[in-house]
Each structure stands twice: as structure tokens, then as C-alpha cells.
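Everything on this sheet refers to the single structure shown next.
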2 protein chains.
Amino acid sequence: MSEDELPAAPRIPTRTTSRRRGAPRVRALTIDAIAAAALRVVDDEGLDAMTMRRVADELGTGAASLYAYVDNKDRLLELVIDRALGELEPPPEGDGPWQEQLKAGLREVRALFARHRDLARASFARIPLGENALRASEWMIATLRRGGLPTQVIAYACDLLPLYVTAIAYEESIYAGEQLSPEQLADYVAEMRSYFESLPRSRFPNVVAFAAALTSGAQSDERFEFGLDVLIAGLASMAD
Amino acid sequence: MSEDELPAAPRIPTRTTSRRRGAPRVRALTIDAIAAAALRVVDDEGLDAMTMRRVADELGTGAASLYAYVDNKDRLLELVIDRALGELEPPPEGDGPWQEQLKAGLREVRALFARHRDLARASFARIPLGENALRASEWMIATLRRGGLPTQVIAYACDLLPLYVTAIAYEESIYAGEQLSPEQLADYVAEMRSYFESLPRSRFPNVVAFAAALTSGAQSDERFEFGLDVLIAGLASMAD
DNA sequence: GTACAATGTCGAACAGTGTTCCAGAACGAC
DNA sequence: GTCGTTCTGGAACACTGTTCGACATTGTAC
């Protein structure tokens with residue numbers, strides 16, 4: 001998976017049955033094959049379909065067999081996430097202002113999450129410490145440094161920006177996963193708009209007045225780009 | 001629950017067994033009592049403990065009885081969320097710049113989520129259309145209007161700001177729900193820091209260099225305030 | 001070459017979930 | 001009274017993550 005092994009990543013102290021060393025064995029399965037199968041299931045059938053039984057089935061074995069390689073489902077999910085993150089290729093640094101570089105990289109992440117449906121949901125509220133996640137962090141810090149931002153601002157930004165992208169991708173994946181056709185989605189948006197407009201004007205004057213704006217471009221790139229612009233403008237204002 | 005009934009909120013088209021009208025009956029349960037019981041369970045024992053059986057138990061009945069009042073667990077969760085949102089009291093508008101007003105309101109929301117553990121997780125990626133959520137939106141639009149922001153910016157901000165607060169609260173609730181003592185959490189942070197520092201400097205120079213900054217104030221108000229500042233500075237830059 | 005201990009395999013089982021079914025009970029209207 | 005409607009709630013279904021333990025398979029030691 002990587003040229004040289006990283007040290008063991010710290011974990012929230014939970015019951016971890018530590019892997020015991022032992023004599024070499026011919027293994028029918030590999031952690032890699034399991035992670036690949038799990039990612040395949042997530043991509044094809046969604047996160048909820050990624051059950052231990054389903055993954056084992058994909059490998060032609062039983063669920064219990066997986067537990068020889070993976071502590072539990074959560075750990076398997078971590079492997080799956082980092083495996084997908086491996087597709088990220090940091091855009092070549094160099095030309096252009098740091099703001100644009102940053103946006104390009106974050107768009108890449110969003111595209112990744114769009115490609116792997118439900119992965120945003122899975123990786124939300126998880127500090128990614130795998131090989132590939134670290135590579136992404138490394139790139140982000142480097143880019144932010146070029147903006148001449150204070151150290152602590154950079155550190156917080158490394159938290160805030162992925163939080164935003166993951167959160168947006170999470171939301172977007174919900175409608176994608178709901179199996180709605182574009183028409184159904186348009187219907188839903190239209191219904192929501194007329195709902196807003198039908199509210200008692202005496203109590204919700206602003207919601208009624210903004211009904212159109214509130215329901216426009218709910219799903220578009222524009223919404224994502226808006227957040228990106230806000231965040232980066234805000235960060236830029238913190239230089240010096 | 002409200003002075004006058006709101007129109008029915010639109011829903012993502014899913015199987016909804018529409019409630020049939022019928023002769024009056026003495027009901028042992030009420031939707032309100034069910035929602036209250038469910039919120040109690042979520043607060044006391046966490047979101048995962050909120051099972052239909054557990055909620056029914058709280059009311060001294062069986063799980064099947066709840067389905068006479070609630071379509072499914074998800075709808076019940078919506079009720080629970082909006083019930084909690086009822087605690088929000090919009091700060092008195094008037095004095096101070098809109099930026100500070102906005103921050104004050106959002107801090108209020110964060111405090112609400114801190115009070116009701118796991119509620120952020122439950123309400124994430126959900127468009128809240130209940131009575132109380134609408135009141136919050138109404139207030140937010142009003143405040144943003146005072147900033148003289150363009151219409152579409154206001155609309156997007158109404159999406160972006162709650163997204164941020166909910167996402168942060170979600171993350172924060174995870175560590176809170178993990179039952180970690182402050183010492184354990186400090187240990188975990190320290191472990192993560194030394195993990196970053198132990199990474200191969202050749203491949204992750206920036207992560208190593210920023211190890212201290214990356215792991216500082218992970219849980220504090222400072223992190224929340226930072227994001228707030230970034231967002232609102234970014235929004236302010238979009239006036240005119 | 002054989003015996004041994006270690007370790008991967010995986011069917012079965014456990015405790016739990018959301019949800020449905022349906023035999024009853026309880027009541028309003030006639 | 002009776003009827004019809006509605007709520008009640010135990011039982012059951014199909015599913016989940018995870019553990020157990022008899023079994024199979026191997027590398028090594030003698």
C-alpha cells in the first residue's frame with residue numbers, strides 16, 4: 001500500500017483486541033482484497049448495503065472470516081475511505097494564486113465524493129489518518145503556506161475546509177442515493193418553493209419573500225462554489 | 001404546538017401510508033408525548049439508544065403502538081428535532097452590527113446541540129421544515145438583510161451557516177458521546193500530536209512542522225469561533 | 001516423515017434492530 | 001345492543017454486527 005510503513009495511527013481508546021503475532025500462514029483473503037470488495041459494494045449498492053455479510057459474499061466466504069483481518073466494521077470503513085482517497089492526485093503546484101490552487105484541489109475532493117457515492121457520509125466526523133489522507137493534508141498545508149497565513153489559521157483551515165467539502169458532499173449524496181430522477185428532484189424543489197410561499201406571511205415574511213432564492217440552485221455547483229468563495233475570502237482576510 | 005397549523009411540509013417522495021381520518025377515539029398516546037419521550041431517551045442515553053422499543057418502553061407500551069401515530073422512525077426523529085429546536089429563542093434584534101447578532105444566534109444553536117447530545121448528528125443533512133426551524137430561518141434572513149447582502153447571497157448563507165454549525169456540533173458530539181473523560185481526550189490529542197511528529201519528514205514535512213498547531217484547541221470554543229469568523233468575514237466581503 | 005501447535009475458515013448462534021400482522025379491546029354513533 | 005372504527009400490543013420476519021468453536025491447513029521441529 002505504501003513504500004514504507006507509517007507508524008501506527010492513534011485511535012480513540014476503545015476495546016481493541018490486539019493482533020497477535022504468529023507463524024506465517026497461507027491466507028486465502030488479504031486486507032487489500034477485503035477493502036477493495038467493500039469499496040465495490042459501497043459504490044454499487046450504497047453504504048447501507050455494505051454489511052459484513054455482503055462484503056464476505058463478494059469474496060465468496062462468510063462474514064466471520066473477515067474478522068480475522070479486520071477488528072470490526074468501523075475499521076473496515078476506515079480502510080475503504082483511505083483506499084478511495086488514494087485516487088486523489090494533488091494538482092501540480094506552481095502557477096496561479098494560492099486561492100485558485102486551493103479551490104482546484106477541493107473541487108477534486110468533491111468530485112471524488114461524487115464518484116464514490118456515500119463515501120462522504122462514511123468519512124464525516126472522522127479524522128482521517130491514513131496514508132492518503134495525510135498526503136492530502138500535506139498538500140493543503142503547503143498551499144495555505146503560500147498564502148502567507150498565520151500558523152494557527154492554517155491549522156484551523158486544515159480542519160475547516162475538509163469539514164465543508166465533506167459536509168456538502170454528504171448532503172449531495174443523500175439526494176443522489178435516494179434514487180430520485182432529476183424530474184422527481186425538480187418536483188420536490190418546486191414543491192418546497194410553493195410550501196415556502198404558502199406560509200403565513202404574517203409570521204414568516206422573510207421566508208415567503210425569499211422562497212425563490214432559497215430553493216434555487218440547491219443542487220448545483222453554484223452552491224458548492226459559493227461556500228468555497230466565502231471560506232477562502234474569509235481566510236484571505238486573515239493574512240498578516 | 002403552534003397557534004395556527006402550517007400547511008403540510010413537502011417530503012421526499014417515499015412510501016407514505018397516508019393517515020386516514022376516522023371516528024374520534026380516546027387515545028392513550030399522543031404524538032406529542034411520543035416525541036417528548038423520544039427526546040428524553042436521546043438526551044439521556046444517546047441517539048443509538050433511541051429505538052422504537054425503547055421509546056415505547058418509556059411510555060409503558062409496545063413498539064407497534066407507535067406506528068399508529070408515526071409513519072416510521074425517521075419521521076419520529078424529525079419531530080424530535082423540531083421539538084428541541086423549540087428551545088431556541090431568537091436574540092432580541094436591534095443593537096449591534098449584524099455580524100455580531102449573527103454570531104450570537106449561531107452560538108445559541110451550538111449551545112442547543114451541546115445540550116441535546118447527538119441531536120446534531122440526527123439533524124445533519126436534513127432540511128428542517130418544522131415550525132421551529134422556520135422561525136430560525138426567518139430570524140436568520142432578517143439578520144442577513146440588515147447586512148445589505150444580495151438576495152442570492154442571503155439565500156446561500158441560510159444554507160451554509162446552519163450547515164457549518166451542525167457539522168461542527170456533530171463532530172463535537174462524537175467525542176462527547178464516546179464517554180471519554182477529559183484526561184482520556186487529552187491523551188488522545190497528545191497521541192495524535194506525537195503521531196504527526198513521528199511521520200517521515202521527507203514525505204510529510206508540513207504535517208510534521210504543523211503537528212502542534214494541528215492538534216491544538218481541537219475541541220475548544222476557539223475552533224468554532226474561528227470558523228464563524230471566517231464565514232462571516234467571507235460573507236461580509238460579498239456586500240454590494 | 002511425522003507430530004505439533006498455531007492460525008485461518010466459516011456455519012451456527014446471539015442479541016439486537018425497524019417494521020408488519022392481526023387477534024383482540026375499547027369506544028362513538030345509531 | 002349492536003355495529004364499525006380505531007387503537008393496542010404480543011408475536012413474528014428479515015435483517016444487522018459480532019462471537020463461538022469445531023474443523024482444516026499449514027510451517028516448523030524433531
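Naming scheme: A, B, ... for chains in displayed order of the C-alpha cells; residues 1 onward per chain; ligands 1 onward as shown.
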Which residues of chain C come within 12 Å of stretch 9-13 of chain D, and what is each one's closest atom pair and distance in Å (one decimal), counting only C-alpha atoms (C1' of nucleotides), sorted by chain and residue number, as JSON lines?
{"residue": "C:DT17", "atom": "C1'", "partner": "D:DC13", "partner_atom": "C1'", "distance": 11.8}
{"residue": "C:DG18", "atom": "C1'", "partner": "D:DC13", "partner_atom": "C1'", "distance": 10.7}
{"residue": "C:DT19", "atom": "C1'", "partner": "D:DC13", "partner_atom": "C1'", "distance": 8.8}
{"residue": "C:DT20", "atom": "C1'", "partner": "D:DC13", "partner_atom": "C1'", "distance": 8.3}
{"residue": "C:DC21", "atom": "C1'", "partner": "D:DA12", "partner_atom": "C1'", "distance": 8.3}
{"residue": "C:DC22", "atom": "C1'", "partner": "D:DA11", "partner_atom": "C1'", "distance": 9.8}
{"residue": "C:DA23", "atom": "C1'", "partner": "D:DG10", "partner_atom": "C1'", "distance": 10.0}
{"residue": "C:DG24", "atom": "C1'", "partner": "D:DG9", "partner_atom": "C1'", "distance": 9.8}
{"residue": "C:DA25", "atom": "C1'", "partner": "D:DG9", "partner_atom": "C1'", "distance": 10.7}
Since we have the selection now, will you write its residues out, keeping N, CA and C atoms (P, O5', C5', C4', C3', O3' and C1' of nucleotides), as a PDB file, in the first residue's frame?
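Okay, out33.pdb is ready:
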ATOM      1  P    DT C  17     -32.576  -2.789  20.388  1.00  0.00           P
ATOM      2  O5'  DT C  17     -32.779  -2.653  18.817  1.00  0.00           O
ATOM      3  C5'  DT C  17     -31.818  -1.899  18.061  1.00  0.00           C
ATOM      4  C4'  DT C  17     -32.110  -2.055  16.582  1.00  0.00           C
ATOM      5  C3'  DT C  17     -33.512  -1.648  16.168  1.00  0.00           C
ATOM      6  O3'  DT C  17     -33.544  -0.244  15.997  1.00  0.00           O
ATOM      7  C1'  DT C  17     -32.830  -3.669  15.071  1.00  0.00           C
ATOM      8  P    DG C  18     -34.934   0.526  16.037  1.00  0.00           P
ATOM      9  O5'  DG C  18     -35.538   0.188  14.603  1.00  0.00           O
ATOM     10  C5'  DG C  18     -34.918   0.721  13.446  1.00  0.00           C
ATOM     11  C4'  DG C  18     -35.693   0.320  12.205  1.00  0.00           C
ATOM     12  C3'  DG C  18     -37.120   0.870  12.156  1.00  0.00           C
ATOM     13  O3'  DG C  18     -37.456   1.198  10.804  1.00  0.00           O
ATOM     14  C1'  DG C  18     -37.189  -1.498  12.214  1.00  0.00           C
ATOM     15  P    DT C  19     -38.843   1.928  10.502  1.00  0.00           P
ATOM     16  O5'  DT C  19     -39.795   0.686  10.270  1.00  0.00           O
ATOM     17  C5'  DT C  19     -39.455  -0.243   9.241  1.00  0.00           C
ATOM     18  C4'  DT C  19     -40.399  -1.419   9.266  1.00  0.00           C
ATOM     19  C3'  DT C  19     -41.886  -1.036   9.312  1.00  0.00           C
ATOM     20  O3'  DT C  19     -42.466  -1.382   8.069  1.00  0.00           O
ATOM     21  C1'  DT C  19     -41.367  -2.890  10.727  1.00  0.00           C
ATOM     22  P    DT C  20     -44.017  -1.115   7.791  1.00  0.00           P
ATOM     23  O5'  DT C  20     -44.623  -2.574   8.046  1.00  0.00           O
ATOM     24  C5'  DT C  20     -44.030  -3.678   7.399  1.00  0.00           C
ATOM     25  C4'  DT C  20     -44.781  -4.957   7.724  1.00  0.00           C
ATOM     26  C3'  DT C  20     -46.309  -4.856   7.624  1.00  0.00           C
ATOM     27  O3'  DT C  20     -46.772  -6.039   6.981  1.00  0.00           O
ATOM     28  C1'  DT C  20     -45.701  -5.626   9.774  1.00  0.00           C
ATOM     29  P    DC C  21     -48.309  -6.086   6.435  1.00  0.00           P
ATOM     30  O5'  DC C  21     -48.910  -7.261   7.331  1.00  0.00           O
ATOM     31  C5'  DC C  21     -47.998  -8.159   7.954  1.00  0.00           C
ATOM     32  C4'  DC C  21     -48.727  -9.120   8.870  1.00  0.00           C
ATOM     33  C3'  DC C  21     -50.251  -9.071   8.830  1.00  0.00           C
ATOM     34  O3'  DC C  21     -50.748 -10.387   8.932  1.00  0.00           O
ATOM     35  C1'  DC C  21     -49.502  -8.586  11.010  1.00  0.00           C
ATOM     36  P    DC C  22     -52.258 -10.714   8.444  1.00  0.00           P
ATOM     37  O5'  DC C  22     -52.985 -10.934   9.845  1.00  0.00           O
ATOM     38  C5'  DC C  22     -52.321 -11.658  10.877  1.00  0.00           C
ATOM     39  C4'  DC C  22     -53.004 -11.417  12.207  1.00  0.00           C
ATOM     40  C3'  DC C  22     -54.517 -11.186  12.101  1.00  0.00           C
ATOM     41  O3'  DC C  22     -55.143 -11.844  13.191  1.00  0.00           O
ATOM     42  C1'  DC C  22     -53.547  -9.407  13.247  1.00  0.00           C
ATOM     43  P    DA C  23     -56.390 -12.798  12.909  1.00  0.00           P
ATOM     44  O5'  DA C  23     -56.884 -13.179  14.370  1.00  0.00           O
ATOM     45  C5'  DA C  23     -56.029 -13.894  15.243  1.00  0.00           C
ATOM     46  C4'  DA C  23     -56.033 -13.263  16.627  1.00  0.00           C
ATOM     47  C3'  DA C  23     -57.413 -13.158  17.265  1.00  0.00           C
ATOM     48  O3'  DA C  23     -57.308 -13.512  18.637  1.00  0.00           O
ATOM     49  C1'  DA C  23     -56.401 -11.020  17.173  1.00  0.00           C
ATOM     50  P    DG C  24     -58.577 -13.777  19.531  1.00  0.00           P
ATOM     51  O5'  DG C  24     -58.270 -12.705  20.640  1.00  0.00           O
ATOM     52  C5'  DG C  24     -59.295 -11.865  21.069  1.00  0.00           C
ATOM     53  C4'  DG C  24     -58.675 -10.531  21.414  1.00  0.00           C
ATOM     54  C3'  DG C  24     -59.684  -9.614  22.070  1.00  0.00           C
ATOM     55  O3'  DG C  24     -59.375  -9.526  23.450  1.00  0.00           O
ATOM     56  C1'  DG C  24     -58.402  -8.504  20.370  1.00  0.00           C
ATOM     57  P    DA C  25     -60.601  -9.288  24.425  1.00  0.00           P
ATOM     58  O5'  DA C  25     -60.388  -7.761  24.821  1.00  0.00           O
ATOM     59  C5'  DA C  25     -59.072  -7.273  25.041  1.00  0.00           C
ATOM     60  C4'  DA C  25     -59.071  -5.763  24.896  1.00  0.00           C
ATOM     61  C3'  DA C  25     -60.285  -5.082  25.544  1.00  0.00           C
ATOM     62  O3'  DA C  25     -59.826  -3.979  26.292  1.00  0.00           O
ATOM     63  C1'  DA C  25     -60.098  -4.439  23.271  1.00  0.00           C
TER      64       DA C  25
END
Enumerate the residues of stretch 83-239 of chain A with a DSSP assignment of alpha helix (DSSP H), computed from the backbone, and present them as a VMD selection string. chain A and resid 83 to 85 98 to 115 119 to 123 131 to 146 151 to 177 182 to 197 205 to 209 211 to 214 221 to 236
Quick one: residues within 10 Å of B:Phe224, only C-alpha atoms (C1' of nucleotides) counted, chain neighbours fewer than 3 positions away excluded, as a ChimeraX atom specification? /A:156,160 /B:107,110,164-165,168-169,172,217-221,227-229
Can you pull out every residue within 10 Å of A:Leu214, counting only C-alpha atoms (C1' of nucleotides), but drop anything in the same chain fewer than 2 positions away, and send it as an MDAnalysis selection string? (chainID A and resid 189 192:193 196 207:212 216:218) or (chainID B and resid 151:159)
Residues of the last selection are to be written out with N, CA and C atoms, as a CSV table (one decimal), in the first residue's frame.
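Contents of selection-v3.csv, freshly written:
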chain,number,residue,atom,x,y,z
A,189,VAL,N,-38.2,20.2,-5.3
A,189,VAL,CA,-37.7,21.5,-5.1
A,189,VAL,C,-38.9,22.5,-5.4
A,192,MET,N,-41.2,22.4,-2.5
A,192,MET,CA,-40.7,23.1,-1.4
A,192,MET,C,-40.9,24.6,-1.5
A,193,ARG,N,-40.6,25.1,-2.7
A,193,ARG,CA,-40.8,26.5,-3.0
A,193,ARG,C,-42.2,27.0,-2.8
A,196,PHE,N,-42.9,27.2,0.9
A,196,PHE,CA,-42.4,28.4,1.5
A,196,PHE,C,-43.4,29.6,1.2
A,207,VAL,N,-39.1,34.4,4.9
A,207,VAL,CA,-39.1,33.1,4.2
A,207,VAL,C,-39.9,33.2,3.0
A,208,VAL,N,-41.1,33.8,3.1
A,208,VAL,CA,-42.0,33.9,1.9
A,208,VAL,C,-41.3,34.7,0.8
A,209,ALA,N,-40.8,35.8,1.2
A,209,ALA,CA,-40.2,36.7,0.3
A,209,ALA,C,-39.0,36.1,-0.4
A,210,PHE,N,-38.3,35.2,0.3
A,210,PHE,CA,-37.1,34.6,-0.2
A,210,PHE,C,-37.3,33.2,-0.8
A,211,ALA,N,-38.5,32.8,-0.9
A,211,ALA,CA,-38.9,31.5,-1.3
A,211,ALA,C,-38.1,31.1,-2.6
A,212,ALA,N,-38.1,31.9,-3.5
A,212,ALA,CA,-37.5,31.6,-4.8
A,212,ALA,C,-36.0,31.4,-4.6
A,216,SER,N,-33.4,27.9,-5.1
A,216,SER,CA,-32.8,27.9,-6.4
A,216,SER,C,-31.4,27.3,-6.2
A,217,GLY,N,-31.0,26.6,-7.2
A,217,GLY,CA,-29.6,26.1,-7.3
A,217,GLY,C,-29.3,25.3,-6.1
A,218,ALA,N,-30.3,24.6,-5.5
A,218,ALA,CA,-30.0,23.8,-4.3
A,218,ALA,C,-29.0,22.7,-4.5
B,151,THR,N,-29.5,39.3,-2.5
B,151,THR,CA,-30.6,38.3,-2.3
B,151,THR,C,-30.0,36.8,-2.3
B,152,GLN,N,-29.3,36.6,-3.4
B,152,GLN,CA,-28.8,35.2,-3.6
B,152,GLN,C,-27.8,34.8,-2.5
B,153,VAL,N,-27.0,35.8,-2.1
B,153,VAL,CA,-26.0,35.5,-1.1
B,153,VAL,C,-26.7,35.2,0.2
B,154,ILE,N,-27.7,35.9,0.5
B,154,ILE,CA,-28.5,35.6,1.7
B,154,ILE,C,-29.1,34.2,1.7
B,155,ALA,N,-29.6,33.9,0.6
B,155,ALA,CA,-30.2,32.5,0.4
B,155,ALA,C,-29.2,31.4,0.7
B,156,TYR,N,-28.0,31.6,0.0
B,156,TYR,CA,-27.0,30.6,0.1
B,156,TYR,C,-26.4,30.6,1.6
B,157,ALA,N,-26.4,31.8,2.2
B,157,ALA,CA,-25.9,31.9,3.5
B,157,ALA,C,-26.8,31.1,4.5
B,158,CYS,N,-28.1,31.1,4.2
B,158,CYS,CA,-29.0,30.4,5.0
B,158,CYS,C,-28.8,28.9,5.0
B,159,ASP,N,-28.2,28.5,3.9
B,159,ASP,CA,-27.8,27.1,3.8
B,159,ASP,C,-26.5,26.8,4.4
Enter the distance from atom CA of B:Gly96 to atom CA of B:Gly147, in Å, rounded to one decimal. 11.4 Å
Pairwise distance, atom CA of A:Arg54 with atom CA of B:Leu77, equals 28.1 Å
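Comparing the minimum interatomic distances between chain A and each of B:Ser202, B:Ser181, B:Thr143, B:Ser137, counting only C-alpha atoms, we find that B:Ser137 sits nearest.
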As a list of chain:residue names, please: the residues near D:DA22 (cut-off 12 Å, only C-alpha atoms (C1' of nucleotides), same-chain neighbours under 3 positions excluded). C:DT9, C:DC10, C:DG11, C:DA12
Keeping only C-alpha atoms (C1' of nucleotides), write those residues as a PDB file, in the first residue's frame.
ATOM      1  C1'  DT C   9     -12.046 -20.663   7.852  1.00  0.00           C
ATOM      2  C1'  DC C  10     -16.888 -20.284   8.306  1.00  0.00           C
ATOM      3  C1'  DG C  11     -21.713 -22.362   9.690  1.00  0.00           C
ATOM      4  C1'  DA C  12     -24.340 -21.561  13.581  1.00  0.00           C
TER       5       DA C  12
END
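Atom pair atom CA of A:Ala104 / atom CA of A:Thr215: separated by 26.5 Å.
Shell of B:Thr61 at 12 Å, with only C-alpha atoms (C1' of nucleotides) counted and residues fewer than 3 places along the chain excluded, is Ala28, Leu29, Ile34, Ala37, Met52, Arg53, Arg54, Val55, Ala56, Asp57, Glu58, Ala64, Ser65, Leu66 and Tyr67 of chain B; DC7, DT8, DG9 and DG10 of chain D.
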Suppose we keep C-alpha atoms (C1' of nucleotides); can you now write the selection as a compact mmCIF listing (two decimals), in the first residue's frame?
# COMPACT_ATOMS: atom_id res chain seq x y z
CA ALA B 28 -53.77 6.54 25.23
CA LEU B 29 -50.83 8.10 23.46
CA ILE B 34 -44.16 10.20 21.95
CA ALA B 37 -40.35 10.52 25.32
CA MET B 52 -38.74 2.22 18.77
CA ARG B 53 -38.82 -0.37 21.50
CA ARG B 54 -37.01 1.89 23.93
CA VAL B 55 -39.30 4.84 23.25
CA ALA B 56 -42.36 2.64 23.60
CA ASP B 57 -40.97 1.30 26.84
CA GLU B 58 -40.64 4.85 28.10
CA ALA B 64 -46.03 -1.47 17.45
CA SER B 65 -48.28 1.08 19.11
CA LEU B 66 -46.09 3.95 17.99
CA TYR B 67 -46.79 3.20 14.37
C1' DC D 7 -56.03 1.87 18.89
C1' DT D 8 -53.32 -1.72 21.32
C1' DG D 9 -49.50 -4.68 21.64
C1' DG D 10 -47.52 -9.64 21.53
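Between A:Leu102 and the residues A:Val41, A:Ala35, A:Leu231, A:Ala176, the shortest atom-to-atom distance, using only C-alpha atoms, involves A:Leu231.
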Once you count only C-alpha atoms, what closest atom pair and distance in Å to one decimal does each residue of chain B within 8 Å of chain A have, with rows by chain and rising residue number, as a tab-separated table?
residue	atom	partner	partner_atom	distance
B:Leu6	CA	A:Leu199	CA	6.8
B:Pro7	CA	A:Leu199	CA	7.1
B:Ala8	CA	A:Tyr195	CA	7.9
B:Ala9	CA	A:Tyr195	CA	6.6
B:Pro10	CA	A:Met192	CA	5.8
B:Arg11	CA	A:Tyr188	CA	7.4
B:Ile12	CA	A:Tyr188	CA	6.5
B:Pro13	CA	A:Tyr188	CA	7.7
B:Ala125	CA	A:Glu171	CA	5.0
B:Arg126	CA	A:Glu171	CA	8.0
B:Leu134	CA	A:Phe204	CA	7.7
B:Arg135	CA	A:Phe204	CA	7.3
B:Ser137	CA	A:Val207	CA	7.1
B:Glu138	CA	A:Val207	CA	5.7
B:Ile141	CA	A:Asn206	CA	6.3
B:Ala142	CA	A:Asn206	CA	6.6
B:Thr151	CA	A:Ala213	CA	7.0
B:Gln152	CA	A:Ala213	CA	5.8
B:Ala155	CA	A:Leu214	CA	4.9
B:Tyr156	CA	A:Arg223	CA	6.8
B:Cys158	CA	A:Leu214	CA	7.8
B:Leu160	CA	A:Gly227	CA	6.7
B:Leu163	CA	A:Ala167	CA	7.4
B:Tyr164	CA	A:Tyr164	CA	7.2
B:Ala167	CA	A:Ala167	CA	6.8
B:Tyr170	CA	A:Ala125	CA	7.1
B:Glu171	CA	A:Ala125	CA	5.0
B:Ile174	CA	A:Ala125	CA	7.5
B:Gln184	CA	A:Pro13	CA	7.9
B:Tyr188	CA	A:Ile12	CA	6.5
B:Glu191	CA	A:Pro10	CA	6.2
B:Met192	CA	A:Pro10	CA	5.8
B:Tyr195	CA	A:Ala9	CA	6.6
B:Ser198	CA	A:Pro7	CA	7.4
B:Leu199	CA	A:Leu6	CA	6.8
B:Pro200	CA	A:Leu6	CA	7.8
B:Phe204	CA	A:Glu138	CA	5.9
B:Pro205	CA	A:Glu138	CA	7.5
B:Asn206	CA	A:Glu138	CA	5.7
B:Val207	CA	A:Glu138	CA	5.7
B:Phe210	CA	A:Ala155	CA	7.2
B:Ala213	CA	A:Ala155	CA	5.6
B:Leu214	CA	A:Ala155	CA	4.9
B:Arg223	CA	A:Tyr156	CA	6.8
B:Phe226	CA	A:Tyr156	CA	7.4
B:Gly227	CA	A:Leu160	CA	6.7
B:Asp229	CA	A:Gly234	CA	7.5
B:Val230	CA	A:Gly234	CA	4.3
B:Leu231	CA	A:Leu231	CA	5.7
B:Ile232	CA	A:Gly234	CA	7.2
B:Ala233	CA	A:Gly234	CA	4.9
B:Gly234	CA	A:Gly234	CA	4.0
B:Leu235	CA	A:Val230	CA	5.8
B:Ser237	CA	A:Ala233	CA	7.3
Using only C-alpha atoms (C1' of nucleotides), determine which residues of chain D fall within 8 Å of chain A; present them as a tab-separated table (two decimals) with N, CA and C atoms (P, O5', C5', C4', C3', O3' and C1' of nucleotides), in the first residue's frame.
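result24.tsv, freshly written:
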chain	number	residue	atom	x	y	z
D	16	DT	P	-28.17	-7.59	6.22
D	16	DT	O5'	-27.66	-7.04	7.62
D	16	DT	C5'	-27.81	-5.64	7.90
D	16	DT	C4'	-27.48	-5.39	9.36
D	16	DT	C3'	-26.11	-5.87	9.79
D	16	DT	O3'	-25.16	-4.90	9.44
D	16	DT	C1'	-27.78	-6.39	11.43
D	17	DG	P	-23.62	-5.30	9.29
D	17	DG	O5'	-23.16	-5.41	10.81
D	17	DG	C5'	-23.11	-4.24	11.61
D	17	DG	C4'	-22.59	-4.58	13.00
D	17	DG	C3'	-21.17	-5.13	13.03
D	17	DG	O3'	-20.52	-4.65	14.20
D	17	DG	C1'	-22.66	-6.78	13.84
D	26	DT	P	-2.85	-25.73	2.60
D	26	DT	O5'	-1.47	-25.63	3.38
D	26	DT	C5'	-0.93	-24.35	3.58
D	26	DT	C4'	-0.28	-24.25	4.95
D	26	DT	C3'	1.17	-24.71	5.02
D	26	DT	O3'	2.01	-23.67	4.58
D	26	DT	C1'	-0.08	-25.09	7.04
D	27	DG	P	3.47	-23.89	4.21
D	27	DG	O5'	4.18	-23.59	5.61
D	27	DG	C5'	4.04	-22.30	6.20
D	27	DG	C4'	4.93	-22.19	7.42
D	27	DG	C3'	6.39	-22.54	7.17
D	27	DG	O3'	7.21	-21.71	8.00
D	27	DG	C1'	5.41	-24.14	8.66
